[in-house]
file structure.txt (compact mmCIF, C-alpha atoms)
# COMPACT_ATOMS: atom_id res chain seq x y z
CA SER Y 88 -16.27 21.03 61.56
CA SER Y 89 -16.73 19.08 64.82
CA ILE Y 90 -17.59 22.37 66.55
CA TYR Y 91 -20.37 22.94 64.02
CA TYR Y 92 -21.96 19.53 64.53
CA SER Y 93 -21.61 19.44 68.32
CA SER Y 94 -23.21 22.87 68.83
CA ASN Y 95 -26.16 22.71 66.43
CA GLY Y 96 -24.47 24.68 63.66
CA GLY Y 97 -27.57 24.64 61.47
CA ASN Y 98 -29.19 27.05 63.93
CA TRP Y 99 -26.25 29.35 64.53
CA THR Y 100 -26.97 33.05 64.20
CA GLU Y 101 -24.21 33.28 61.60
CA SER Y 102 -22.59 30.33 59.83
CA HIS Y 103 -21.38 31.95 56.60
CA LYS Y 104 -19.38 29.51 54.45
CA TRP Y 105 -19.11 26.86 57.20
CA LEU Y 106 -18.67 23.39 55.68
CA GLY Y 107 -18.77 24.92 52.23
CA GLY Y 108 -16.19 24.32 49.56
CA SER Y 109 -14.11 27.31 50.59
CA SER Y 110 -11.11 27.25 52.91
CA GLU Y 111 -11.72 27.09 56.67
CA CYS Y 112 -10.04 30.49 56.78
CA ASP Y 113 -13.12 31.95 55.06
CA TRP Y 114 -15.61 30.56 57.57
CA HIS Y 115 -17.42 32.95 59.86
CA GLY Y 116 -15.50 33.50 63.09
CA ILE Y 117 -12.28 31.89 61.86
CA THR Y 118 -9.08 33.88 61.42
CA CYS Y 119 -5.93 32.40 59.93
CA THR Y 120 -2.28 33.34 59.71
CA ASP Y 121 -0.61 34.22 56.42
CA ASP Y 122 0.41 30.57 56.25
CA PHE Y 123 -3.24 29.45 56.52
CA PHE Y 124 -3.00 28.11 60.06
CA ILE Y 125 -6.06 28.75 62.24
CA SER Y 126 -5.18 31.39 64.84
CA VAL Y 127 -8.58 32.55 66.13
CA ILE Y 128 -11.99 30.95 66.70
CA ASN Y 129 -14.48 33.65 67.66
CA LEU Y 130 -18.10 32.47 67.82
CA LYS Y 131 -19.29 34.80 70.56
CA SER Y 132 -23.05 35.29 70.89
CA ASN Y 133 -23.76 32.97 67.98
CA ASN Y 134 -26.44 30.66 69.44
CA LEU Y 135 -24.14 27.69 69.91
CA VAL Y 136 -26.17 24.96 71.65
CA GLY Y 137 -24.49 21.77 72.81
CA GLU Y 138 -21.00 20.91 74.01
CA LEU Y 139 -17.37 21.61 73.24
CA VAL Y 140 -15.94 18.37 71.92
CA PRO Y 141 -12.52 16.82 72.69
CA GLU Y 142 -11.61 17.12 69.01
CA LEU Y 143 -10.91 20.78 69.71
CA GLY Y 144 -7.60 19.65 71.19
CA LYS Y 145 -6.58 18.25 67.82
CA LEU Y 146 -6.06 21.79 66.58
CA GLU Y 147 -2.71 21.77 68.39
CA LYS Y 148 -0.92 21.66 65.03
CA GLN Y 149 -2.54 24.97 64.13
CA GLN Y 150 -1.40 28.28 65.66
CA LEU Y 151 -4.48 28.82 67.78
CA VAL Y 152 -4.02 31.77 70.16
CA LYS Y 153 -7.64 32.72 70.84
CA ILE Y 154 -10.91 30.84 71.45
CA VAL Y 155 -13.98 32.95 72.20
CA VAL Y 156 -17.33 31.17 72.60
CA ASP Y 157 -18.90 33.27 75.34
CA HIS Y 158 -22.59 34.23 75.54
CA ASN Y 159 -23.90 31.03 74.03
CA HIS Y 160 -25.81 27.98 75.30
CA LEU Y 161 -22.98 25.51 75.71
CA LYS Y 162 -23.14 22.90 78.48
CA GLY Y 163 -21.37 19.84 79.81
CA THR Y 164 -17.78 19.73 81.02
CA LEU Y 165 -14.78 21.39 79.46
CA PRO Y 166 -12.82 18.84 77.42
CA GLU Y 167 -9.44 18.30 79.04
CA GLU Y 168 -7.93 17.98 75.58
CA ILE Y 169 -7.89 21.77 75.34
CA HIS Y 170 -4.61 21.61 77.28
CA HIS Y 171 -2.92 20.49 74.04
CA LEU Y 172 -3.37 24.00 72.61
CA HIS Y 173 -0.05 25.26 73.95
CA GLU Y 174 -0.10 28.53 71.97
CA LEU Y 175 -3.44 29.63 73.44
CA MET Y 176 -3.35 33.14 74.92
CA GLN Y 177 -7.06 33.93 75.29
CA PHE Y 178 -9.85 31.51 76.28
CA GLU Y 179 -13.35 32.89 76.87
CA VAL Y 180 -16.24 30.55 77.69
CA ASP Y 181 -18.19 32.86 79.99
CA ASP Y 182 -21.97 33.10 80.12
CA ASN Y 183 -22.77 29.53 79.18
CA SER Y 184 -23.94 26.53 81.23
CA PHE Y 185 -20.74 24.55 81.69
CA THR Y 186 -20.60 22.21 84.69
CA GLY Y 187 -18.06 20.02 86.43
CA SER Y 188 -14.64 20.91 87.73
CA ILE Y 189 -12.01 23.04 86.04
CA PRO Y 190 -9.57 20.60 84.41
CA GLU Y 191 -6.24 20.68 86.25
CA ALA Y 192 -4.43 20.27 82.94
CA LEU Y 193 -6.03 23.45 81.61
CA PHE Y 194 -3.89 25.47 84.01
CA ARG Y 195 -0.88 23.14 83.92
CA ASP Y 196 -0.14 23.24 80.21
CA LEU Y 197 -1.46 26.57 78.89
CA LYS Y 198 1.52 28.58 80.05
CA ARG Y 199 1.07 31.29 77.42
CA LEU Y 200 -2.47 32.07 78.55
CA ARG Y 201 -3.03 35.77 79.24
CA ARG Y 202 -6.81 36.02 79.56
CA LEU Y 203 -9.14 33.36 81.00
CA GLU Y 204 -12.85 34.12 81.31
CA MET Y 205 -15.04 31.37 82.77
CA GLN Y 206 -17.57 33.45 84.72
CA TYR Y 207 -21.34 32.93 84.67
CA ASN Y 208 -21.28 29.16 84.43
CA GLN Y 209 -21.84 26.32 86.89
CA PHE Y 210 -18.28 25.14 87.46
CA SER Y 211 -17.80 23.34 90.79
CA GLY Y 212 -14.98 21.89 92.83
CA GLU Y 213 -11.84 23.68 93.93
CA ILE Y 214 -9.61 26.04 92.01
CA PRO Y 215 -6.76 23.77 90.82
CA THR Y 216 -3.41 24.41 92.47
CA SER Y 217 -1.93 24.31 88.97
CA VAL Y 218 -3.22 27.87 88.59
CA GLY Y 219 0.28 28.83 89.74
CA LEU Y 220 1.66 27.52 86.45
CA LEU Y 221 -0.15 30.23 84.49
CA GLU Y 222 3.02 32.27 84.40
CA GLY Y 223 1.74 34.93 82.03
CA ILE Y 224 -1.91 35.21 83.13
CA GLU Y 225 -3.11 38.81 83.36
CA LYS Y 226 -6.89 38.46 83.68
CA LEU Y 227 -8.49 35.57 85.59
CA HIS Y 228 -12.28 35.73 85.83
CA LEU Y 229 -14.03 32.84 87.61
CA TYR Y 230 -16.89 34.69 89.30
CA SER Y 231 -20.52 33.53 89.41
CA ASN Y 232 -19.89 29.80 89.57
CA SER Y 233 -20.13 27.19 92.34
CA LEU Y 234 -16.45 26.85 93.19
CA THR Y 235 -15.55 25.63 96.68
CA GLY Y 236 -12.52 25.42 98.92
CA SER Y 237 -9.99 28.14 99.55
CA ILE Y 238 -7.96 30.31 97.19
CA PRO Y 239 -4.79 28.27 96.56
CA GLU Y 240 -1.43 29.56 97.78
CA GLU Y 241 -0.11 29.02 94.26
CA ILE Y 242 -2.04 32.11 93.08
CA GLY Y 243 0.96 34.09 94.28
CA LEU Y 244 3.04 32.63 91.44
CA CYS Y 245 0.92 34.48 88.86
CA SER Y 246 3.20 37.50 88.98
CA ASN Y 247 1.67 39.23 85.94
CA LEU Y 248 -1.90 39.03 87.25
CA GLU Y 249 -3.81 42.32 86.92
CA LYS Y 250 -7.43 41.29 87.46
CA LEU Y 251 -8.64 38.52 89.79
CA THR Y 252 -12.41 38.12 90.13
CA LEU Y 253 -13.79 35.23 92.18
CA ASP Y 254 -17.08 36.76 93.37
CA LYS Y 255 -20.28 34.79 93.91
CA ASN Y 256 -18.85 31.36 94.54
CA ASN Y 257 -18.74 29.17 97.66
CA LEU Y 258 -15.12 29.87 98.58
CA ASN Y 259 -14.00 29.70 102.20
CA GLY Y 260 -10.83 29.71 104.25
CA THR Y 261 -8.54 32.70 104.62
CA LEU Y 262 -6.70 34.78 102.07
CA PRO Y 263 -3.37 33.14 101.17
CA GLY Y 264 -0.38 35.24 102.19
CA THR Y 265 1.09 34.80 98.72
CA LEU Y 266 -1.73 36.91 97.31
CA PHE Y 267 -0.04 40.02 98.66
CA SER Y 268 3.00 39.52 96.44
CA LEU Y 269 1.01 40.30 93.28
CA SER Y 270 2.40 43.77 92.71
CA ASN Y 271 0.68 44.18 89.32
CA LEU Y 272 -2.80 43.43 90.67
CA GLU Y 273 -5.28 46.21 89.84
CA THR Y 274 -8.61 44.48 90.57
CA LEU Y 275 -9.29 42.13 93.49
CA SER Y 276 -12.92 41.09 93.65
CA LEU Y 277 -13.92 38.33 96.08
CA SER Y 278 -17.38 39.41 97.21
CA LYS Y 279 -20.23 37.08 98.18
CA ASN Y 280 -18.21 34.12 99.41
CA SER Y 281 -17.47 32.81 102.92
CA ILE Y 282 -13.85 33.91 103.17
CA SER Y 283 -12.80 34.62 106.75
CA GLY Y 284 -9.85 35.83 108.80
CA ILE Y 285 -8.33 39.26 109.18
CA LEU Y 286 -7.46 41.74 106.45
CA SER Y 287 -3.71 41.49 106.45
CA PRO Y 288 -1.69 44.72 106.71
CA LYS Y 289 0.18 43.32 103.71
CA ILE Y 290 -2.71 44.52 101.54
CA GLY Y 291 -0.78 47.77 101.54
CA ASP Y 292 1.88 46.05 99.41
CA LEU Y 293 -0.54 45.75 96.48
CA VAL Y 294 0.36 49.22 95.29
CA SER Y 295 -1.25 48.84 91.84
CA LEU Y 296 -4.74 48.19 93.25
CA LYS Y 297 -7.54 50.34 91.87
CA GLU Y 298 -10.58 48.25 92.78
CA VAL Y 299 -11.14 46.03 95.84
CA SER Y 300 -14.43 44.29 96.62
CA LEU Y 301 -14.45 42.03 99.68
CA LYS Y 302 -18.09 42.61 100.63
CA ASP Y 303 -20.43 39.93 101.97
CA ASN Y 304 -17.84 37.59 103.47
CA LEU Y 305 -16.76 36.72 107.02
CA PHE Y 306 -13.74 38.99 107.46
CA SER Y 307 -13.06 40.09 111.03
CA GLY Y 308 -10.64 42.30 112.93
CA TYR Y 309 -9.54 45.82 112.14
CA ILE Y 310 -9.35 47.61 108.81
CA PRO Y 311 -5.56 47.89 108.42
CA SER Y 312 -4.23 51.44 108.21
CA GLU Y 313 -1.85 50.19 105.50
CA ILE Y 314 -4.75 50.56 103.06
CA SER Y 315 -3.63 54.19 102.89
CA HIS Y 316 -0.57 52.99 100.92
CA LEU Y 317 -2.84 52.19 97.98
CA SER Y 318 -2.52 55.58 96.31
CA SER Y 319 -4.26 54.44 93.10
CA LEU Y 320 -7.29 52.97 94.90
CA GLU Y 321 -10.61 54.15 93.45
CA TYR Y 322 -13.16 51.61 94.67
CA LEU Y 323 -13.25 49.88 98.07
CA GLU Y 324 -16.09 47.66 99.29
CA LEU Y 325 -15.84 46.08 102.76
CA GLN Y 326 -19.52 46.00 103.74
CA ILE Y 327 -21.37 43.00 105.21
CA ASN Y 328 -18.50 41.47 107.18
CA ASP Y 329 -17.55 41.27 110.87
CA LEU Y 330 -14.98 44.07 110.92
CA THR Y 331 -14.44 45.91 114.18
CA GLY Y 332 -12.64 48.99 115.46
CA ALA Y 333 -12.43 52.39 113.86
CA ILE Y 334 -12.07 53.33 110.22
CA PRO Y 335 -8.45 54.47 109.80
CA LYS Y 336 -8.26 58.23 109.36
CA SER Y 337 -5.57 57.69 106.76
CA VAL Y 338 -8.24 56.41 104.36
CA GLY Y 339 -9.21 60.05 103.93
CA ALA Y 340 -5.85 60.68 102.26
CA LEU Y 341 -6.68 58.40 99.34
CA SER Y 342 -7.24 61.12 96.77
CA SER Y 343 -8.37 58.76 93.99
CA LEU Y 344 -10.97 56.98 96.11
CA TYR Y 345 -14.51 57.75 94.93
CA HIS Y 346 -16.44 54.75 96.33
CA PHE Y 347 -15.98 53.49 99.90
CA SER Y 348 -18.56 51.24 101.59
CA VAL Y 349 -18.33 49.66 105.07
CA TYR Y 350 -21.93 49.27 106.26
CA ASN Y 351 -23.11 46.17 108.16
CA ASN Y 352 -19.93 45.67 110.17
CA ILE Y 353 -19.22 46.29 113.86
CA LEU Y 354 -17.21 49.46 113.37
CA GLY Y 355 -17.02 52.29 115.86
CA GLY Y 356 -15.06 55.44 116.61

call {"tool": "encode", "arguments": {"input": "structure.txt", "output": "structure tokens"}}
result
Amino acid sequence: SSIYYSSNGGNWTESHKWLGGSSECDWHGITCTDDFFISVINLKSNNLVGELVPELGKLEKQQLVKIVVDHNHLKGTLPEEIHHLHELMQFEVDDNSFTGSIPEALFRDLKRLRRLEMQYNQFSGEIPTSVGLLEGIEKLHLYSNSLTGSIPEEIGLCSNLEKLTLDKNNLNGTLPGTLFSLSNLETLSLSKNSISGILSPKIGDLVSLKEVSLKDNLFSGYIPSEISHLSSLEYLELQINDLTGAIPKSVGALSSLYHFSVYNNILGG
């Protein structure tokens, strides 16, 4: 009920049976297990206006595996108490107006998390190094925020990661070498930051890659010929950087590649 009061429940798009005499399991957006424990809160696109309250962490005695509150009008900081929800596998708060830093404990204690969507908010500060404790994370979407600093080395510990999207932040530094150990990575999207350094030949080790967007950064040096090892690659954006040298002829052997963009570099040959 605290969610209802803290997010202007009286004006929700749909609030069927909320705070009525029926069981919480009958409320709109609530799903329960056969034992009547709350397992899902899904209030996506429901005109929630306000904040997420710390009381949400008190649901730890439930069996909550999924919280979806994206596409609303929520603001303020994320309550650190969410880290008590140890069973959580999916957490989606994208397309709101959240501010402040990402709580370090959010990454430290939610070890069962598979999908984290926090894009299109106003989160600031650095990506916590505790991201490496998200042992099972598969999809990590933090794009379109105001995050700063470099991508932490600990990202390489997320061995199940399939999609990493950090576009449109204020990230800098170089790509951590550990990134190239993520053999399950299919999407790497880092465009519109200030990331610098060379494109490591080790990018060829990311054999599962299908989509790479590194456009509008400060990358320099050659395009590594090892990109030709990415046989599943379909989409490659390297434009608006400081890359030099020739485009490797081996790129032409990528039979799945349908989009390749390199304009606004210093390429020749």

call {"tool": "residues_around", "arguments": {"input": "structure.txt", "residues": "Asn133 (chain Y)", "least_positions_apart": "3", "cutoff": "8 Å", "atoms": "all atoms listed in the file", "output": "PyMOL selection string"}}
result
chain Y and resi 99-101+130+158-159

call {"tool": "closest_residue", "arguments": {"input": "structure.txt", "among": "Y:His160, Y:Lys255, Y:Lys289, Y:His171", "to": "Ser315 (chain Y)", "atoms": "all atoms listed in the file"}}
result
Y:Lys289

call {"tool": "atom_distance", "arguments": {"input": "structure.txt", "atom1": "CA of Ser278 (chain Y)", "atom2": "CA of Ile154 (chain Y)"}}
result
27.9 Å

call {"tool": "residues_around", "arguments": {"input": "structure.txt", "residues": "region 319-336 of chain Y", "least_positions_apart": "6", "cutoff": "7 Å", "atoms": "all atoms listed in the file", "output": "PyMOL selection string"}}
result
chain Y and resi 295-310+312+343-356

call {"tool": "atom_distance", "arguments": {"input": "structure.txt", "atom1": "CA of Glu273 (chain Y)", "atom2": "CA of Arg199 (chain Y)"}}
result
20.4 Å

call {"tool": "atom_distance", "arguments": {"input": "structure.txt", "atom1": "CA of Leu272 (chain Y)", "atom2": "CA of Ile238 (chain Y)"}}
result
15.5 Å

call {"tool": "residues_near_point", "arguments": {"input": "structure.txt", "point": "(1.7, 30.8, 95.3)", "cutoff": "9 Å", "atoms": "all atoms listed in the file", "output": "PyMOL selection string"}}
result
chain Y and resi 216+218-219+239-245+263-266+268

call {"tool": "write_last_selection", "arguments": {"input": "structure.txt", "atoms": "C-alpha atoms", "output": "PDB file, keeping the file's coordinate frame"}}
result
ATOM      1  CA  THR Y 216      -3.410  24.410  92.470  1.00  0.00           C
ATOM      2  CA  VAL Y 218      -3.220  27.870  88.590  1.00  0.00           C
ATOM      3  CA  GLY Y 219       0.280  28.830  89.740  1.00  0.00           C
ATOM      4  CA  PRO Y 239      -4.790  28.270  96.560  1.00  0.00           C
ATOM      5  CA  GLU Y 240      -1.430  29.560  97.780  1.00  0.00           C
ATOM      6  CA  GLU Y 241      -0.110  29.020  94.260  1.00  0.00           C
ATOM      7  CA  ILE Y 242      -2.040  32.110  93.080  1.00  0.00           C
ATOM      8  CA  GLY Y 243       0.960  34.090  94.280  1.00  0.00           C
ATOM      9  CA  LEU Y 244       3.040  32.630  91.440  1.00  0.00           C
ATOM     10  CA  CYS Y 245       0.920  34.480  88.860  1.00  0.00           C
ATOM     11  CA  PRO Y 263      -3.370  33.140 101.170  1.00  0.00           C
ATOM     12  CA  GLY Y 264      -0.380  35.240 102.190  1.00  0.00           C
ATOM     13  CA  THR Y 265       1.090  34.800  98.720  1.00  0.00           C
ATOM     14  CA  LEU Y 266      -1.730  36.910  97.310  1.00  0.00           C
ATOM     15  CA  SER Y 268       3.000  39.520  96.440  1.00  0.00           C
TER      16      SER Y 268
END

call {"tool": "residues_around", "arguments": {"input": "structure.txt", "residues": "region 206-212 of chain Y", "least_positions_apart": "2", "cutoff": "9 Å", "atoms": "all atoms listed in the file", "output": "PyMOL selection string"}}
result
chain Y and resi 162+164+179-189+204+214-215+228-236+252-253+256

call {"tool": "write_last_selection", "arguments": {"input": "structure.txt", "atoms": "C-alpha atoms", "output": "PDB file, in the frame of the given file"}}
result
ATOM      1  CA  LYS Y 162     -23.140  22.900  78.480  1.00  0.00           C
ATOM      2  CA  THR Y 164     -17.780  19.730  81.020  1.00  0.00           C
ATOM      3  CA  GLU Y 179     -13.350  32.890  76.870  1.00  0.00           C
ATOM      4  CA  VAL Y 180     -16.240  30.550  77.690  1.00  0.00           C
ATOM      5  CA  ASP Y 181     -18.190  32.860  79.990  1.00  0.00           C
ATOM      6  CA  ASP Y 182     -21.970  33.100  80.120  1.00  0.00           C
ATOM      7  CA  ASN Y 183     -22.770  29.530  79.180  1.00  0.00           C
ATOM      8  CA  SER Y 184     -23.940  26.530  81.230  1.00  0.00           C
ATOM      9  CA  PHE Y 185     -20.740  24.550  81.690  1.00  0.00           C
ATOM     10  CA  THR Y 186     -20.600  22.210  84.690  1.00  0.00           C
ATOM     11  CA  GLY Y 187     -18.060  20.020  86.430  1.00  0.00           C
ATOM     12  CA  SER Y 188     -14.640  20.910  87.730  1.00  0.00           C
ATOM     13  CA  ILE Y 189     -12.010  23.040  86.040  1.00  0.00           C
ATOM     14  CA  GLU Y 204     -12.850  34.120  81.310  1.00  0.00           C
ATOM     15  CA  ILE Y 214      -9.610  26.040  92.010  1.00  0.00           C
ATOM     16  CA  PRO Y 215      -6.760  23.770  90.820  1.00  0.00           C
ATOM     17  CA  HIS Y 228     -12.280  35.730  85.830  1.00  0.00           C
ATOM     18  CA  LEU Y 229     -14.030  32.840  87.610  1.00  0.00           C
ATOM     19  CA  TYR Y 230     -16.890  34.690  89.300  1.00  0.00           C
ATOM     20  CA  SER Y 231     -20.520  33.530  89.410  1.00  0.00           C
ATOM     21  CA  ASN Y 232     -19.890  29.800  89.570  1.00  0.00           C
ATOM     22  CA  SER Y 233     -20.130  27.190  92.340  1.00  0.00           C
ATOM     23  CA  LEU Y 234     -16.450  26.850  93.190  1.00  0.00           C
ATOM     24  CA  THR Y 235     -15.550  25.630  96.680  1.00  0.00           C
ATOM     25  CA  GLY Y 236     -12.520  25.420  98.920  1.00  0.00           C
ATOM     26  CA  THR Y 252     -12.410  38.120  90.130  1.00  0.00           C
ATOM     27  CA  LEU Y 253     -13.790  35.230  92.180  1.00  0.00           C
ATOM     28  CA  ASN Y 256     -18.850  31.360  94.540  1.00  0.00           C
TER      29      ASN Y 256
END

call {"tool": "closest_residue", "arguments": {"input": "structure.txt", "among": "Y:Gln150, Y:Ser88, Y:Ser342, Y:Ser276", "to": "Leu317 (chain Y)", "atoms": "all atoms listed in the file"}}
result
Y:Ser342

call {"tool": "residues_around", "arguments": {"input": "structure.txt", "residues": "Gly116 (chain Y)", "least_positions_apart": "6", "cutoff": "12 Å", "atoms": "all atoms listed in the file", "output": "ChimeraX atom specification"}}
result
/Y:90-91,99-105,125-133,153-156

call {"tool": "residues_around", "arguments": {"input": "structure.txt", "residues": "Ser94 (chain Y)", "least_positions_apart": "2", "cutoff": "8 Å", "atoms": "all atoms listed in the file", "output": "list in words"}}
result
Ile90, Tyr91, Tyr92, Gly96, Leu135, Val136, Gly137, Glu138, Leu139 and Leu161 of chain Y

call {"tool": "closest_residue", "arguments": {"input": "structure.txt", "among": "Y:His115, Y:His173, Y:Lys279, Y:Lys198", "to": "Lys145 (chain Y)", "atoms": "only C-alpha atoms"}}
result
Y:His173

call {"tool": "closest_residue", "arguments": {"input": "structure.txt", "among": "Y:Glu213, Y:Asp121, Y:Glu174, Y:Glu167", "to": "Gly260 (chain Y)", "atoms": "only C-alpha atoms"}}
result
Y:Glu213

call {"tool": "residues_near_point", "arguments": {"input": "structure.txt", "point": "(-16.9, 18.1, 72.9)", "cutoff": "8 Å", "atoms": "all atoms listed in the file", "output": "PDB file with C-alpha atoms, in the coordinates of the input"}}
result
ATOM      1  CA  ILE Y  90     -17.590  22.370  66.550  1.00  0.00           C
ATOM      2  CA  SER Y  93     -21.610  19.440  68.320  1.00  0.00           C
ATOM      3  CA  GLU Y 138     -21.000  20.910  74.010  1.00  0.00           C
ATOM      4  CA  LEU Y 139     -17.370  21.610  73.240  1.00  0.00           C
ATOM      5  CA  VAL Y 140     -15.940  18.370  71.920  1.00  0.00           C
ATOM      6  CA  PRO Y 141     -12.520  16.820  72.690  1.00  0.00           C
ATOM      7  CA  GLU Y 142     -11.610  17.120  69.010  1.00  0.00           C
ATOM      8  CA  LEU Y 143     -10.910  20.780  69.710  1.00  0.00           C
ATOM      9  CA  LEU Y 165     -14.780  21.390  79.460  1.00  0.00           C
ATOM     10  CA  PRO Y 166     -12.820  18.840  77.420  1.00  0.00           C
TER      11      PRO Y 166
END

call {"tool": "decode", "arguments": {"input": "structure.txt", "residues": "region 308-323 of chain Y", "atoms": "N, CA and C atoms", "output": "PDB file, in the first residue's frame"}}
result
ATOM      1  N   GLY Y 308      43.757   5.445 -33.065  1.00  0.00           N
ATOM      2  CA  GLY Y 308      44.495   4.291 -33.535  1.00  0.00           C
ATOM      3  C   GLY Y 308      43.779   3.578 -34.666  1.00  0.00           C
ATOM      4  N   TYR Y 309      44.254   2.385 -34.962  1.00  0.00           N
ATOM      5  CA  TYR Y 309      43.741   1.617 -36.092  1.00  0.00           C
ATOM      6  C   TYR Y 309      42.470   0.838 -35.721  1.00  0.00           C
ATOM      7  N   ILE Y 310      41.696   0.521 -36.745  1.00  0.00           N
ATOM      8  CA  ILE Y 310      40.607  -0.454 -36.578  1.00  0.00           C
ATOM      9  C   ILE Y 310      41.260  -1.833 -36.612  1.00  0.00           C
ATOM     10  N   PRO Y 311      41.190  -2.606 -35.544  1.00  0.00           N
ATOM     11  CA  PRO Y 311      41.904  -3.884 -35.508  1.00  0.00           C
ATOM     12  C   PRO Y 311      41.327  -4.890 -36.506  1.00  0.00           C
ATOM     13  N   SER Y 312      42.211  -5.567 -37.206  1.00  0.00           N
ATOM     14  CA  SER Y 312      41.765  -6.562 -38.192  1.00  0.00           C
ATOM     15  C   SER Y 312      41.046  -7.728 -37.523  1.00  0.00           C
ATOM     16  N   GLU Y 313      41.271  -7.876 -36.207  1.00  0.00           N
ATOM     17  CA  GLU Y 313      40.627  -8.976 -35.470  1.00  0.00           C
ATOM     18  C   GLU Y 313      39.111  -8.856 -35.440  1.00  0.00           C
ATOM     19  N   ILE Y 314      38.584  -7.697 -35.829  1.00  0.00           N
ATOM     20  CA  ILE Y 314      37.125  -7.558 -35.934  1.00  0.00           C
ATOM     21  C   ILE Y 314      36.563  -8.622 -36.878  1.00  0.00           C
ATOM     22  N   SER Y 315      37.368  -9.060 -37.818  1.00  0.00           N
ATOM     23  CA  SER Y 315      36.907 -10.073 -38.782  1.00  0.00           C
ATOM     24  C   SER Y 315      36.601 -11.413 -38.112  1.00  0.00           C
ATOM     25  N   HIS Y 316      37.017 -11.587 -36.838  1.00  0.00           N
ATOM     26  CA  HIS Y 316      36.717 -12.821 -36.112  1.00  0.00           C
ATOM     27  C   HIS Y 316      35.272 -12.862 -35.624  1.00  0.00           C
ATOM     28  N   LEU Y 317      34.608 -11.716 -35.708  1.00  0.00           N
ATOM     29  CA  LEU Y 317      33.237 -11.615 -35.182  1.00  0.00           C
ATOM     30  C   LEU Y 317      32.243 -12.053 -36.262  1.00  0.00           C
ATOM     31  N   SER Y 318      32.155 -13.338 -36.453  1.00  0.00           N
ATOM     32  CA  SER Y 318      31.386 -13.877 -37.584  1.00  0.00           C
ATOM     33  C   SER Y 318      29.889 -13.626 -37.473  1.00  0.00           C
ATOM     34  N   SER Y 319      29.395 -13.321 -36.272  1.00  0.00           N
ATOM     35  CA  SER Y 319      27.958 -13.067 -36.095  1.00  0.00           C
ATOM     36  C   SER Y 319      27.608 -11.585 -36.165  1.00  0.00           C
ATOM     37  N   LEU Y 320      28.629 -10.727 -36.350  1.00  0.00           N
ATOM     38  CA  LEU Y 320      28.420  -9.283 -36.306  1.00  0.00           C
ATOM     39  C   LEU Y 320      27.491  -8.805 -37.419  1.00  0.00           C
ATOM     40  N   GLU Y 321      26.464  -8.031 -37.005  1.00  0.00           N
ATOM     41  CA  GLU Y 321      25.479  -7.500 -37.950  1.00  0.00           C
ATOM     42  C   GLU Y 321      25.524  -5.975 -38.044  1.00  0.00           C
ATOM     43  N   TYR Y 322      25.968  -5.330 -36.987  1.00  0.00           N
ATOM     44  CA  TYR Y 322      25.822  -3.872 -36.866  1.00  0.00           C
ATOM     45  C   TYR Y 322      27.086  -3.323 -36.227  1.00  0.00           C
ATOM     46  N   LEU Y 323      27.790  -2.427 -36.929  1.00  0.00           N
ATOM     47  CA  LEU Y 323      29.051  -1.887 -36.430  1.00  0.00           C
ATOM     48  C   LEU Y 323      29.122  -0.388 -36.699  1.00  0.00           C
TER      49      LEU Y 323
END
